[in-house]
Structure formats: C-alpha cells, structure tokens
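Q: Structure in structure tokens, see below.
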Amino acid sequence: MHTKQHMNRIATAIVLAFSSITLPALAADAVPIVAAAPAPAPAFDLDRDVASALKIFDVPGMAIAIVKDGKVITAKGFGVRKLGEPAAVDAKTLFEVASNSKGFTAAALAMLVDEGKLAWDDPVTKHLPGFQMHDSYVTGAMTIRDLLTHRSGLGLGAGDLLWWPTTTFTTDEIIEKLRYIRPATSFRNSYAYDNLLYIVAGKIIADKAGKSWGEAMHERILAPLGMTGTTTSLAENAGNPDVANAHSKINGKIAAVKSLPVPNAVGAVGINTNAEDIAKWMMVLLDGGKIAGVTNKDGKEARLFSEKQARELWTAQTPIKIPEPKPALAATKPNFSAYGLGFQLRDYKGMKVAMHGGALQGFYSRVLMVPEAKLGVAILTNAENGGSMTALQWRILDHYLQAAPSDWLALVAKLEQDQHAEEVKKQGKASSARAAKSQPSLPLASYDGEYEDAWYGKVVIRPEGKKHILSFTRTPDLTGELEHWQHDTFIVRWKERNFNADAYVTFSLNPDGSIDRVKMVPVSAETDFSYDFQDLSLVPVKPLKEKK
C-alpha cells in the first residue's frame, strides 16, 4: 500500500482506481517536451513481458488472468510468493486485492435491488437509521447510490486512519465517527475517492443478510460462481500454504513484511483471491450478470444479477477530471473518465473500459474489462508497485485490441524513475531550507501529553528514556519517535519503516505559551493517501507535564 520509490496511492487516486500513472507536473522553468509516438516494442509475449516487469519494477510475484470471448485464455502465476523462498506463485495463490473488493460490494447491493430489498436511490437512513454525516442535510439526502460513487463531499481518503493501518475500531464505531469528519466540498459537487462509505455499504449488506459481510459474500457471490479459493478475511487464509506474502520497500529495498488485517473495513477492501477465481468474476461481469454453464431449476440461465443492474454498475455516475498525461503516456489519455458503481469507467482505443485498482500493505492489484471486446484482464501483485501493472495492462490491451505494440515497460519505468528523482530533489530542498539551528519554544517534556481529534480520538506523546514517542492509541503499529525539524515542528519517524509515511508534527501555541493544537502532514508526496494525517486537528486533553 505504501511505496517509497514506486507508485504511491496519492498518485493512485486516479491510478489504482484507475488508468495510467500520475506523475509530477513539469517545473515552471522546464522546457516543454514534444509528444512523441510511443517507442516500438517486440511482439507480445506474456511470459517474457511479465518476467521483464518483475525484474524492472522489483516485484517478487504476480498472477495474471485473461478472459476473452467467454473463455479463460490465461490464469497463471509468475515469480515467487515470498522473497528469498522458492515457492512459486501459481493460479491458486491468494493475493489481497483491496479496493477491487468494491465491485463485489456493489454487485451484492445490485442483487438486493433485484430482489426489491432496497433501491439505489433509497436514503441510507431508511436502511441504517443511525447513519449520520457531519451535515444534517447530507445525512438525509445521501442515498445507497451515493455510498458507492465518491461524491459525498468527503476529501480524498478522509477518515482512513480509522481503519488503516490495522486499528481496534469496530465497523460500527467507524460508521459512528463519520458525523465528526468535516466535508472538503459540497455534497455531490465533485469526485474524491473514499473508503468509509463502502464500509457503510458493507454494513447494509450484512444487516440485510443477517450475517457478516464475509458470510454474505461467500453465500451470495463466491459459491454461485465457484470461486472456491477466494476468502473474505486474512483469518480464513490460515493453514493455506498457497498465499502470497506482502512486500514493501524499506529504505529503497524490497522486503517481505507482515500483512495487516482490516476486519473493520471489509466492504471496501475485504477480498483475497487468485487468478483462477478472478477470471470467473470477470466472466460474469462481462456477460451482464449471467453465470456461464449454469441453469436454474426452471431451465433458464442462472444469473448473479439482472442485465438491468449490470448496466447500472457500468453507467457513469460521477465525472472524474482527466489529468494531462506525460508525453510518453499521451496515447493512454481517455476521452472520458467517470466512476460507476464499484468500477471506474474510461475509454481506450475507442472502447469503453470498466476497471478498478486495489492497494494494501504489500499488495497492489488491477482489474480491467473491455465489454465491446469481451476482454478481461486481472493483474495481482505482492508488491507496492503501480508501474508494473500499468506497463502490463497497456501491453496486454494493445495485443488483444490489435493496436500497434509499444514498449510500455521501458516508458513507464523511466517515468517512475523521474518521478522518484523529483521527489528526492524536493525533499532535499526542504531540508536545505529549514532553520536547522532553531530550537523548540518549549522544553521537550512540555510537548508530552494526550491529544484528541474529533473523529480519530486520542494520540499520546510520552517520554521513553531521552526519546519522545508519539502513538495513535487505537492503531497499535502507528508509533514512532519525534525528531526535531525546526521551530515547533517535529517529524515522527514510524517504527514500522515500510509504512513510508513519516509526518511533520507542528505545535501551535497560545499567547501564554501553552499548546493550542497540533497539526500533522505527510513528509513525502509519495505517502499513501490513506495516511490522512492532514485531516487531524489534535488538541490537548490532559495537562501537559510541568516545565522543568
């Protein structure tokens, strides 16, 4: 989910949800680059191309599924499940697919619409009476459809610290906290990717089923489709040796890391699947909800959901602003971009594409479907790298859509290198410009104490020997040492170095020298957007230690 040298989910607000990688804009004094035709490439060879991608982008393992014209063309694994161990990825190796779970949640709601148990435009409060947003009008006006379309007015990734990294909040507690999160824009004004409202959607599914979201997924979707290997929690993976290990960058070097369970956010990120199973998922989506080769008791074709609901899932709901791609990616610029219900929609080579991405610690995934070509592509990885998927998705689409091949592997690799170099340069300038000899206004012990944010809750700063440690009380792994940066700003260096999410911590003082509040912001633009530190407003809740 969080990568230092490669694709980050701040850039993936469009990418993981989406299409091509988003790279830094040219500096104001840079010489414009004239767009050129993509570099030529050798003929398509999936095995060779994936092997190259694994090496170029430093990805230990990958699984790919390709379906075309109602048949599975490819469902296989590449590389290894865990760095340094020989076990190979195969077609049954499980990967966390994170936000590719959103399509499953949307499909489950579509099934409930078919059954008359709810309607897309029902108020959320009709089915979840305790639901409440910060604004009372939004509370009453928000519909089931709004939960899925990223137009609530919440900011990008707002409230994600309630579930990421692994927290002790329950799903119900997270939903209750929504009322304290201030909107960033007006309701239905613009697109901003969020996870919390999919958690709400998952809760509604569980309530309607009278069982957990995971149990409902197994009963209503996974079992009917024969997705027998797919699980809805990391706990279900226990005892299965064929599970990919998570990998992150630590100080620029790929390393195996622990997976982080997120049982309180399953409606947004709960699915773990493999190449064989995700091929079945793409087949039913491409066939408008029909389950291939299965008939009902009355002899009619079996369906997961109706053709009407299939169209609804892939109908544009919220427009997405189209960024100007770097010249090397000019050929990938869409003519339209929008979010449907659980899927992002765009075009490529004149054809509509329904797609989504996913990212959790150590795993990235992408699923793309081209209904006109009856083509589906899924790429599952056990590393935090968007470039490997971006390069391969265009390579595969170009082949099956009979477009001229381009050397996407080289092009994307160069753009990633440039992006990271620009970020390193930016941080170097920030370090050079700081007032390194400045001192904090208060003795260090005066910054110790408990602080509270309206929606997250408590954060504690406590002494530990000569160090001062900041800890998020409901997030066991989010703890780190404060290091003075300048004036009354510190940097918290998280003990879990693979988070790649160090943050500035700035104290504002009252006229009498007491601490008024604390603000945080990620140090690097490469930090995953789910570390939404910038949305916190921490105020002291217990008297700080007396000055010494």
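Residues in the structure tokens are numbered from 1 in each chain, the chains being A, B, ... in the order shown, and ligands are numbered from 1 in the order shown.
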Residues of range 365-429 of chain A within 10 Å of range 323-341 of chain A: nearest atom pair and distance (Å, one decimal) for each, counting only C-alpha atoms, sorted by chain and number, as CSV?
A:
residue,atom,partner,partner_atom,distance
A:Trp394,CA,A:Thr332,CA,8.2
A:Ser406,CA,A:Ala331,CA,9.9
A:Trp408,CA,A:Leu329,CA,8.7
A:Leu411,CA,A:Ala328,CA,6.5
A:Val412,CA,A:Ala328,CA,8.1
A:Lys414,CA,A:Ala328,CA,9.5
A:Leu415,CA,A:Ala328,CA,8.2
Q: Taking the chain letters and numbering used in this document, name the residues of range 96-221 of chain A that DSSP puts in helix (DSSP H, G or I), as a PyMOL selection string.
A: chain A and resi 98-114+124-127+136-141+144-147+160-162+171-180+196-209+213-221
Q: If we count only C-alpha atoms and set the cut-off at 10 Å, which residues sit around Ser306 in chain A, ignoring sequence neighbours fewer than 4 positions away in its own chain? Please answer as number ranges by chain.
A: A: 110-111, 113-114, 288-290, 302, 310-312
Q: List the neighbours of range 457-473 of chain A out to 9 Å using only C-alpha atoms; skip same-chain residues closer than 3 positions along the sequence, and give me the result as a tab-separated table (two decimals) with N, CA and C atoms, in the first residue's frame.
A:
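The resulting part-v2.tsv:
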chain	number	residue	atom	x	y	z
A	167	THR	N	-6.52	-1.04	12.98
A	167	THR	CA	-6.96	-0.35	14.20
A	167	THR	C	-7.85	-1.24	15.04
A	168	THR	N	-8.16	-0.76	16.23
A	168	THR	CA	-9.04	-1.51	17.12
A	168	THR	C	-10.48	-1.01	17.06
A	444	LEU	N	11.29	20.02	25.82
A	444	LEU	CA	10.71	18.86	25.15
A	444	LEU	C	9.63	18.17	25.99
A	445	ALA	N	9.82	18.12	27.30
A	445	ALA	CA	8.84	17.46	28.16
A	445	ALA	C	7.48	18.14	28.11
A	447	TYR	N	5.88	19.04	25.56
A	447	TYR	CA	5.09	18.56	24.42
A	447	TYR	C	4.45	17.20	24.73
A	448	ASP	N	4.89	16.56	25.80
A	448	ASP	CA	4.31	15.27	26.17
A	448	ASP	C	2.88	15.46	26.67
A	449	GLY	N	2.05	14.45	26.45
A	449	GLY	CA	0.69	14.50	26.94
A	449	GLY	C	-0.28	13.81	26.00
A	450	GLU	N	-1.56	13.92	26.31
A	450	GLU	CA	-2.61	13.34	25.48
A	450	GLU	C	-3.26	14.43	24.63
A	451	TYR	N	-3.49	14.09	23.38
A	451	TYR	CA	-4.15	15.00	22.45
A	451	TYR	C	-5.32	14.25	21.82
A	452	GLU	N	-6.34	15.00	21.43
A	452	GLU	CA	-7.53	14.32	20.89
A	452	GLU	C	-8.04	15.02	19.65
A	453	ASP	N	-8.43	14.21	18.66
A	453	ASP	CA	-9.07	14.70	17.44
A	453	ASP	C	-10.53	14.28	17.47
A	454	ALA	N	-11.40	15.11	16.89
A	454	ALA	CA	-12.84	14.86	16.97
A	454	ALA	C	-13.24	13.52	16.38
A	476	PRO	N	-2.21	0.12	16.84
A	476	PRO	CA	-1.03	-0.40	17.52
A	476	PRO	C	0.30	-0.17	16.80
A	477	ASP	N	0.30	-0.23	15.48
A	477	ASP	CA	1.56	-0.10	14.75
A	477	ASP	C	1.95	1.34	14.45
A	478	LEU	N	1.06	2.28	14.72
A	478	LEU	CA	1.34	3.67	14.37
A	478	LEU	C	1.95	4.38	15.58
A	479	THR	N	3.25	4.11	15.78
A	479	THR	CA	4.00	4.69	16.88
A	479	THR	C	5.41	4.97	16.39
A	480	GLY	N	5.96	6.09	16.82
A	480	GLY	CA	7.29	6.43	16.34
A	480	GLY	C	7.91	7.56	17.14
A	481	GLU	N	9.20	7.76	16.92
A	481	GLU	CA	9.96	8.76	17.66
A	481	GLU	C	9.84	10.13	17.01
A	482	LEU	N	9.70	11.16	17.86
A	482	LEU	CA	9.69	12.54	17.38
A	482	LEU	C	11.12	13.05	17.24
A	483	GLU	N	11.38	13.65	16.11
A	483	GLU	CA	12.70	14.21	15.81
A	483	GLU	C	12.50	15.69	15.47
A	492	VAL	N	7.72	12.74	12.94
A	492	VAL	CA	7.57	11.44	13.59
A	492	VAL	C	8.07	10.38	12.62
A	494	TRP	N	8.08	6.62	12.02
A	494	TRP	CA	7.37	5.43	12.46
A	494	TRP	C	8.31	4.25	12.60
A	538	LEU	N	-5.58	18.04	16.40
A	538	LEU	CA	-5.38	17.49	17.74
A	538	LEU	C	-5.27	18.61	18.77
A	541	VAL	N	-5.82	17.29	25.81
A	541	VAL	CA	-6.97	16.90	26.63
A	541	VAL	C	-6.58	16.61	28.07
Q: So which residues touch Ser99 in chain A within 7 Å, counting only C-alpha atoms, skipping near sequence neighbours fewer than 2 positions away, as a list in words?
A: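 These residues fall inside the cut-off: Val97, Ser101, Lys102, Ala268, Val269, Gly357, Gly358 and Ala359 of chain A.
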Q: Save the residues we just selected, C-alpha atoms, as a short mmCIF file (atom, residue, chain, number, x, y, z; two decimals), in the first residue's frame?
A:
data_model
loop_
_atom_site.label_atom_id
_atom_site.label_comp_id
_atom_site.auth_asym_id
_atom_site.auth_seq_id
_atom_site.Cartn_x
_atom_site.Cartn_y
_atom_site.Cartn_z
CA VAL A 97 -6.96 -7.31 -3.82
CA SER A 101 -13.44 -5.64 -3.33
CA LYS A 102 -15.62 -2.61 -4.00
CA ALA A 268 -14.12 -1.58 0.97
CA VAL A 269 -11.12 -3.92 0.94
CA GLY A 357 -7.35 -0.92 -8.64
CA GLY A 358 -6.51 -2.01 -5.15
CA ALA A 359 -3.74 -1.38 -2.63
#
Q: Can you work out which one of A:Lys297, A:Asp121, A:Pro371, A:Tyr456 has the shortest atom-to-atom distance to Leu178 in chain A, counting only C-alpha atoms?
A: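 Answer, going by the shortest atom-to-atom distance: A:Tyr456.
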Q: Nearest to Ala63 in chain A: which of A:Met355, A:Ala75, A:Ala421, A:Ala223 is it, counting only C-alpha atoms?
A: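 For Ala63 in chain A, the nearest of the given residues is A:Ala75.
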Q: List as a list of chain:residue names the protein and nucleic acid residues near Trp485 in chain A, meaning an atom at most 12 Å away when only C-alpha atoms are counted, but skip any in the same chain fewer than 4 places from it.
A: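 Counting only C-alpha atoms, the residues come to A:Ala430, A:Ser431, A:Ser432, A:Ala433, A:Arg434, A:Ala435, A:Ala436, A:Lys437, A:Ser438, A:Gln439, A:Pro440, A:Thr489, A:Phe490, A:Ile491, A:Val492, A:Arg493, A:Ala503, A:Tyr504, A:Val505, A:Thr506, A:Phe507, A:Val523.
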Q: Among range 412-545 of chain A, which residues carry a DSSP assignment of strand (DSSP E or B), reported as a PyMOL selection string?
A: chain A and resi 449-453+457-464+467-472+479-486+489-494+503-509+515-522+538-540
Q: With N, CA and C atoms retained, could you export that selection as a compact mmCIF listing (two decimals), in the first residue's frame?
A:
# COMPACT_ATOMS: atom_id res chain seq x y z
N GLY A 449 2.05 14.45 26.45
CA GLY A 449 0.69 14.50 26.94
C GLY A 449 -0.28 13.81 26.00
N GLU A 450 -1.56 13.92 26.31
CA GLU A 450 -2.61 13.34 25.48
C GLU A 450 -3.26 14.43 24.63
N TYR A 451 -3.49 14.09 23.38
CA TYR A 451 -4.15 15.00 22.45
C TYR A 451 -5.32 14.25 21.82
N GLU A 452 -6.34 15.00 21.43
CA GLU A 452 -7.53 14.32 20.89
C GLU A 452 -8.04 15.02 19.65
N ASP A 453 -8.43 14.21 18.66
CA ASP A 453 -9.07 14.70 17.44
C ASP A 453 -10.53 14.28 17.47
N GLY A 457 -9.84 10.39 17.68
CA GLY A 457 -9.71 10.11 19.11
C GLY A 457 -8.33 10.51 19.60
N LYS A 458 -7.75 9.72 20.48
CA LYS A 458 -6.55 10.14 21.20
C LYS A 458 -5.23 9.72 20.55
N VAL A 459 -4.29 10.65 20.64
CA VAL A 459 -2.89 10.43 20.28
C VAL A 459 -2.08 10.83 21.50
N VAL A 460 -1.06 10.05 21.84
CA VAL A 460 -0.28 10.29 23.05
C VAL A 460 1.19 10.53 22.69
N ILE A 461 1.79 11.50 23.35
CA ILE A 461 3.24 11.70 23.28
C ILE A 461 3.78 11.46 24.68
N ARG A 462 4.73 10.54 24.78
CA ARG A 462 5.24 10.17 26.10
C ARG A 462 6.77 10.05 26.03
N PRO A 463 7.44 10.27 27.16
CA PRO A 463 8.89 10.10 27.18
C PRO A 463 9.26 8.62 27.24
N GLU A 464 10.36 8.29 26.62
CA GLU A 464 10.89 6.93 26.67
C GLU A 464 12.41 7.08 26.71
N LYS A 467 14.06 9.82 24.53
CA LYS A 467 13.24 9.97 23.34
C LYS A 467 11.82 10.40 23.72
N HIS A 468 11.13 10.93 22.74
CA HIS A 468 9.72 11.26 22.91
C HIS A 468 8.94 10.52 21.82
N ILE A 469 8.01 9.67 22.24
CA ILE A 469 7.33 8.74 21.34
C ILE A 469 5.89 9.18 21.14
N LEU A 470 5.47 9.28 19.87
CA LEU A 470 4.08 9.58 19.52
C LEU A 470 3.38 8.29 19.12
N SER A 471 2.20 8.07 19.71
CA SER A 471 1.45 6.85 19.43
C SER A 471 -0.03 7.16 19.20
N PHE A 472 -0.61 6.53 18.21
CA PHE A 472 -2.05 6.59 17.97
C PHE A 472 -2.67 5.48 18.82
N THR A 479 3.25 4.11 15.78
CA THR A 479 4.00 4.69 16.88
C THR A 479 5.41 4.97 16.39
N GLY A 480 5.96 6.09 16.82
CA GLY A 480 7.29 6.43 16.34
C GLY A 480 7.91 7.56 17.14
N GLU A 481 9.20 7.76 16.92
CA GLU A 481 9.96 8.76 17.66
C GLU A 481 9.84 10.13 17.01
N LEU A 482 9.70 11.16 17.86
CA LEU A 482 9.69 12.54 17.38
C LEU A 482 11.12 13.05 17.24
N GLU A 483 11.38 13.65 16.11
CA GLU A 483 12.70 14.21 15.81
C GLU A 483 12.50 15.69 15.47
N HIS A 484 13.23 16.55 16.14
CA HIS A 484 13.03 17.98 15.91
C HIS A 484 13.42 18.35 14.48
N TRP A 485 12.55 19.14 13.83
CA TRP A 485 12.80 19.57 12.45
C TRP A 485 13.19 21.04 12.44
N GLN A 486 12.28 21.90 12.86
CA GLN A 486 12.59 23.32 13.01
C GLN A 486 11.49 23.98 13.84
N THR A 489 8.08 22.46 14.94
CA THR A 489 7.73 21.35 14.05
C THR A 489 8.72 20.21 14.24
N PHE A 490 8.17 19.00 14.39
CA PHE A 490 8.94 17.78 14.53
C PHE A 490 8.58 16.85 13.37
N ILE A 491 9.35 15.79 13.21
CA ILE A 491 8.98 14.72 12.30
C ILE A 491 8.84 13.45 13.12
N VAL A 492 7.72 12.74 12.94
CA VAL A 492 7.57 11.44 13.59
C VAL A 492 8.07 10.38 12.62
N ARG A 493 9.04 9.59 13.08
CA ARG A 493 9.61 8.50 12.28
C ARG A 493 8.99 7.20 12.80
N TRP A 494 8.08 6.62 12.02
CA TRP A 494 7.37 5.43 12.46
C TRP A 494 8.31 4.25 12.60
N ALA A 503 5.76 11.81 9.12
CA ALA A 503 4.91 13.00 9.04
C ALA A 503 5.47 14.15 9.87
N TYR A 504 5.26 15.37 9.36
CA TYR A 504 5.55 16.55 10.16
C TYR A 504 4.50 16.67 11.26
N VAL A 505 4.94 17.09 12.43
CA VAL A 505 4.06 17.31 13.58
C VAL A 505 4.32 18.73 14.07
N THR A 506 3.36 19.61 13.89
CA THR A 506 3.55 21.02 14.20
C THR A 506 2.65 21.46 15.35
N PHE A 507 3.27 22.06 16.37
CA PHE A 507 2.55 22.53 17.54
C PHE A 507 2.28 24.03 17.41
N SER A 508 1.04 24.43 17.63
CA SER A 508 0.68 25.85 17.66
C SER A 508 0.48 26.27 19.11
N LEU A 509 1.01 27.43 19.47
CA LEU A 509 0.97 27.87 20.86
C LEU A 509 -0.03 28.99 21.07
N ILE A 515 0.12 24.93 24.70
CA ILE A 515 -0.13 24.35 23.37
C ILE A 515 -1.62 24.45 23.04
N ASP A 516 -1.90 25.04 21.90
CA ASP A 516 -3.29 25.20 21.45
C ASP A 516 -3.76 23.98 20.69
N ARG A 517 -2.99 23.57 19.68
CA ARG A 517 -3.35 22.39 18.89
C ARG A 517 -2.14 21.87 18.15
N VAL A 518 -2.33 20.68 17.54
CA VAL A 518 -1.26 20.01 16.79
C VAL A 518 -1.80 19.62 15.43
N LYS A 519 -1.04 19.92 14.40
CA LYS A 519 -1.39 19.50 13.03
C LYS A 519 -0.30 18.59 12.50
N MET A 520 -0.71 17.67 11.62
CA MET A 520 0.23 16.75 11.01
C MET A 520 0.05 16.77 9.50
N VAL A 521 1.11 16.43 8.78
CA VAL A 521 1.04 16.31 7.32
C VAL A 521 2.17 15.39 6.87
N PRO A 522 1.93 14.50 5.90
CA PRO A 522 2.99 13.61 5.44
C PRO A 522 4.21 14.38 4.93
N LEU A 538 -5.58 18.04 16.40
CA LEU A 538 -5.38 17.49 17.74
C LEU A 538 -5.27 18.61 18.77
N VAL A 539 -6.03 18.48 19.84
CA VAL A 539 -5.99 19.47 20.92
C VAL A 539 -5.62 18.76 22.23
N PRO A 540 -4.91 19.45 23.13
CA PRO A 540 -4.55 18.83 24.41
C PRO A 540 -5.81 18.49 25.22
Q: Nearest to Phe57 in chain A: which of A:Asn500, A:Ser537, A:Asn385, A:Thr171 is it, counting only C-alpha atoms?
A: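 Of A:Asn500, A:Ser537, A:Asn385, A:Thr171, the one nearest Phe57 in chain A, counting only C-alpha atoms, is A:Asn385.
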Q: Tell me, counting only C-alpha atoms, for each residue of range 200-257 of chain A within 8 Å of range 375-384 of chain A, which pair of atoms is nearest and how far apart they are in Å to one decimal, in rows ordered by chain and increasing number, as JSON lines.
A:
{"residue": "A:Ala244", "atom": "CA", "partner": "A:Asn382", "partner_atom": "CA", "distance": 6.3}
{"residue": "A:Asn245", "atom": "CA", "partner": "A:Asn382", "partner_atom": "CA", "distance": 6.4}
{"residue": "A:Ala246", "atom": "CA", "partner": "A:Asn382", "partner_atom": "CA", "distance": 5.4}
{"residue": "A:His247", "atom": "CA", "partner": "A:Ala383", "partner_atom": "CA", "distance": 4.8}
{"residue": "A:Ser248", "atom": "CA", "partner": "A:Ala383", "partner_atom": "CA", "distance": 6.0}
{"residue": "A:Lys249", "atom": "CA", "partner": "A:Glu384", "partner_atom": "CA", "distance": 7.8}
Q: Would you write out those residues with N, CA and C atoms, as a JSON list (two decimals), in the first residue's frame?
A:
[["chain", "number", "residue", "atom", "x", "y", "z"],
["A", 244, "ALA", "N", 0.23, -15.54, -1.09],
["A", 244, "ALA", "CA", 1.34, -14.62, -1.35],
["A", 244, "ALA", "C", 1.66, -13.81, -0.11],
["A", 245, "ASN", "N", 2.95, -13.55, 0.10],
["A", 245, "ASN", "CA", 3.39, -12.70, 1.21],
["A", 245, "ASN", "C", 3.43, -11.25, 0.76],
["A", 246, "ALA", "N", 3.19, -10.36, 1.69],
["A", 246, "ALA", "CA", 3.26, -8.93, 1.39],
["A", 246, "ALA", "C", 4.72, -8.49, 1.28],
["A", 247, "HIS", "N", 4.98, -7.50, 0.40],
["A", 247, "HIS", "CA", 6.32, -6.93, 0.25],
["A", 247, "HIS", "C", 6.23, -5.41, 0.13],
["A", 248, "SER", "N", 7.11, -4.72, 0.83],
["A", 248, "SER", "CA", 7.20, -3.26, 0.76],
["A", 248, "SER", "C", 8.65, -2.85, 0.58],
["A", 249, "LYS", "N", 8.84, -1.58, 0.25],
["A", 249, "LYS", "CA", 10.18, -1.02, 0.20],
["A", 249, "LYS", "C", 10.56, -0.48, 1.58]]
Q: Looking at A:Gln417, A:Asn498, A:Thr475, A:Asn189, which one is nearest to Gly362 in chain A, with distances taken over only C-alpha atoms?
A: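 When distances to Gly362 in chain A are compared using only C-alpha atoms, the smallest one comes from A:Asn498.
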Q: For each of A:Phe305, A:Gly159, A:Asp172, A:Ser524, take the minimum atom-to-atom distance to Lys426 in chain A, counting only C-alpha atoms, then give the residue where this is smallest.
A: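 Ranking A:Phe305, A:Gly159, A:Asp172, A:Ser524 by distance to Lys426 in chain A, first place goes to A:Ser524.
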